[in-house]
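Participant: Take this structure, written in structure tokens, and hold onto it; I'll ask about it next.
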Amino acid sequence: MEISTIVFLLFLAIFIITIVIYFNKLVKALNINRQAFENVDMALKRRLDLISDLEEIISKLDGDKENILEKISKIRENLNECLSVSKRQKIEDKLSDIIKDVFYDIEYHKELKESDSFGRIKNTLSEIELEIETSKKYYNEATKNYNILVERFPTKILAKLFNFKRSNYFEVDLLTRDNVIKNGDVEKQDNEESENNDKE
């Protein structure tokens, strides 16, 4: 075998190995990103399950409670569908708005406000939303790392060839955000995330 052939095969082997290494980096980053969102999904589903307990209290409220329950039912139906991250965020924000409105109404019902069941719901919601904030932060960090690979050379070439697409960041409006910030120092973390995103 001629030296030129050996050199060619050597460079070809190095080229193939390099492609495999970078491709595996993309796959690994994508899998981490998906797994991270599964954690967000689990926390959000816990919040949705908690709404079942809140519905009993809603039924005791004055005003257009039937409309509120209907909106919750519609949200449940939507969340059973296969949704993109951006669409999921919009629906979860609608649920947050409903919870906020219900909590606001409960403030004017002393009996409901001071009930043990509502107290348990508030405490559980605070715990769940802290979990949402923590898992969301991890997901957004995984998203940033994955998107860097998708957008930077040389993995950018492989991303285009094999249809690796950017992943969307996820944010959700939280009712107990003040408590979440206090317990998880989220405000500082959010500022750091914003600065990192601006740099990109």
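Identifiers for the structure tokens are assigned positionally: chains receive A, B, ... in sequence, residues are indexed from 1 per chain, and ligands are indexed from 1 in the order shown.
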As a CSV table (one decimal) with N, CA and C atoms, in the first residue's frame, please: the residues near stretch 61-76 of chain A (cut-off 9 Å, only C-alpha atoms, same-chain neighbours under 6 positions excluded).
Facilitator:
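As a result, part_28.csv now contains:
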```csv
chain,number,residue,atom,x,y,z
A,48,LEU,N,-50.9,21.1,38.6
A,48,LEU,CA,-52.2,20.9,38.0
A,48,LEU,C,-53.0,19.9,38.8
A,51,ILE,N,-54.8,21.6,41.6
A,51,ILE,CA,-56.0,22.4,41.2
A,51,ILE,C,-57.2,21.6,41.5
A,55,GLU,N,-60.5,23.3,43.3
A,55,GLU,CA,-61.8,23.4,42.6
A,55,GLU,C,-62.9,23.3,43.6
A,91,ILE,N,-50.0,28.2,28.0
A,91,ILE,CA,-51.1,27.5,28.8
A,91,ILE,C,-50.8,27.5,30.3
A,92,GLU,N,-49.6,27.3,30.7
A,92,GLU,CA,-49.3,27.3,32.1
A,92,GLU,C,-49.4,28.7,32.7
A,94,LYS,N,-51.7,30.8,31.7
A,94,LYS,CA,-53.1,31.0,31.8
A,94,LYS,C,-53.6,30.4,33.1
A,95,LEU,N,-53.0,29.2,33.4
A,95,LEU,CA,-53.4,28.5,34.7
A,95,LEU,C,-52.9,29.4,35.9
A,98,ILE,N,-55.4,32.1,36.5
A,98,ILE,CA,-56.6,31.6,37.1
A,98,ILE,C,-56.4,31.4,38.6
A,102,VAL,N,-58.3,33.4,41.7
A,102,VAL,CA,-59.0,32.6,42.8
A,102,VAL,C,-58.5,33.0,44.1
A,105,ASP,N,-59.9,36.3,45.1
A,105,ASP,CA,-61.3,36.3,45.6
A,105,ASP,C,-61.4,35.7,47.0
A,106,ILE,N,-60.5,34.7,47.3
A,106,ILE,CA,-60.6,34.0,48.6
A,106,ILE,C,-60.2,35.0,49.7
A,109,HIS,N,-63.1,36.2,51.5
A,109,HIS,CA,-64.0,35.2,52.1
A,109,HIS,C,-63.2,34.7,53.3
A,112,LEU,N,-63.3,30.8,54.1
A,112,LEU,CA,-62.4,30.0,53.1
A,112,LEU,C,-60.9,30.3,53.3
```
Participant: Please run DSSP on the backbone and report, as a VMD selection string, all residues within stretch 42-166 of chain A that come out as helix (DSSP H, G or I).
Facilitator: chain A and resid 42 to 58 65 to 79 85 to 106 110 to 113 116 to 151 155 to 161
Participant: Can you tell me, as a PyMOL selection string, what residues are no more than 9 Å from A:Ile32 when counting only C-alpha atoms, ignoring any on the same chain fewer than 6 positions away?
Facilitator: chain A and resi 139+142-143+146
Participant: How would the residues just picked look written out with N, CA and C atoms as a tab-separated table (two decimals), in the first residue's frame?
Facilitator:
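Written out: again-v9.tsv:
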```
chain	number	residue	atom	x	y	z
A	139	TYR	N	-33.31	23.46	33.42
A	139	TYR	CA	-33.68	23.26	32.01
A	139	TYR	C	-33.13	24.39	31.15
A	142	ALA	N	-29.51	23.92	30.58
A	142	ALA	CA	-29.29	22.85	29.61
A	142	ALA	C	-29.62	23.33	28.20
A	143	THR	N	-30.65	24.16	28.09
A	143	THR	CA	-31.05	24.72	26.79
A	143	THR	C	-29.95	25.63	26.24
A	146	TYR	N	-27.06	23.47	25.00
A	146	TYR	CA	-27.42	22.79	23.75
A	146	TYR	C	-27.43	23.77	22.58
```
Participant: With only C-alpha atoms as the atoms that count, which of A:Asn147, A:Asn140, A:Thr124, A:Ser59 lies nearest to A:Val85?
Facilitator: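 Comparing A:Asn147, A:Asn140, A:Thr124, A:Ser59 against A:Val85, the winner is A:Asn140.
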Participant: Would you mind telling me which residue in A:Asp173, A:Glu107, A:Glu141, A:Glu129 lies nearest to A:Ala43 when using only C-alpha atoms?
Facilitator: A:Glu129
Participant: With distances taken over only C-alpha atoms, which residue among A:Lys25, A:Lys110, A:Lys137, A:Lys156 lies nearest A:Tyr169?
Facilitator: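 So, comparing all the options, the nearest one is A:Lys137.
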Participant: Just the residues within 7 Å of A:Val40, please, counting only C-alpha atoms, with nothing from its chain fewer than 4 positions along; format it as a ChimeraX atom specification.
Facilitator: /A:36,44,132,135-136
Participant: As an exercise, work out the distance from atom CA of A:Leu50 to atom CA of A:Ile121 in Å and give it to one decimal place.
Facilitator: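 Separation of atom CA of A:Leu50 and atom CA of A:Ile121: 7.2 Å.
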Participant: Could you tell me which of A:Leu26, A:Leu83, A:Tyr108, A:Leu54 comes closest to A:Glu151 if we count only C-alpha atoms?
Facilitator: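 Using only C-alpha atoms, the shortest distance to A:Glu151 belongs to A:Leu26.
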Participant: Nearest residue to A:Ile58 out of A:Leu149, A:Ile99, A:Ala29, A:Ile157, using only C-alpha atoms?
Facilitator: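 Looking at the shortest contact to A:Ile58, the residue is A:Ile99.
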Participant: Can you tell me how far atom CA of A:Lys87 sits from atom CA of A:Phe170, in Å to one decimal?
Facilitator: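 Spanning atom CA of A:Lys87 to atom CA of A:Phe170 is a straight-line distance of 10.1 Å.
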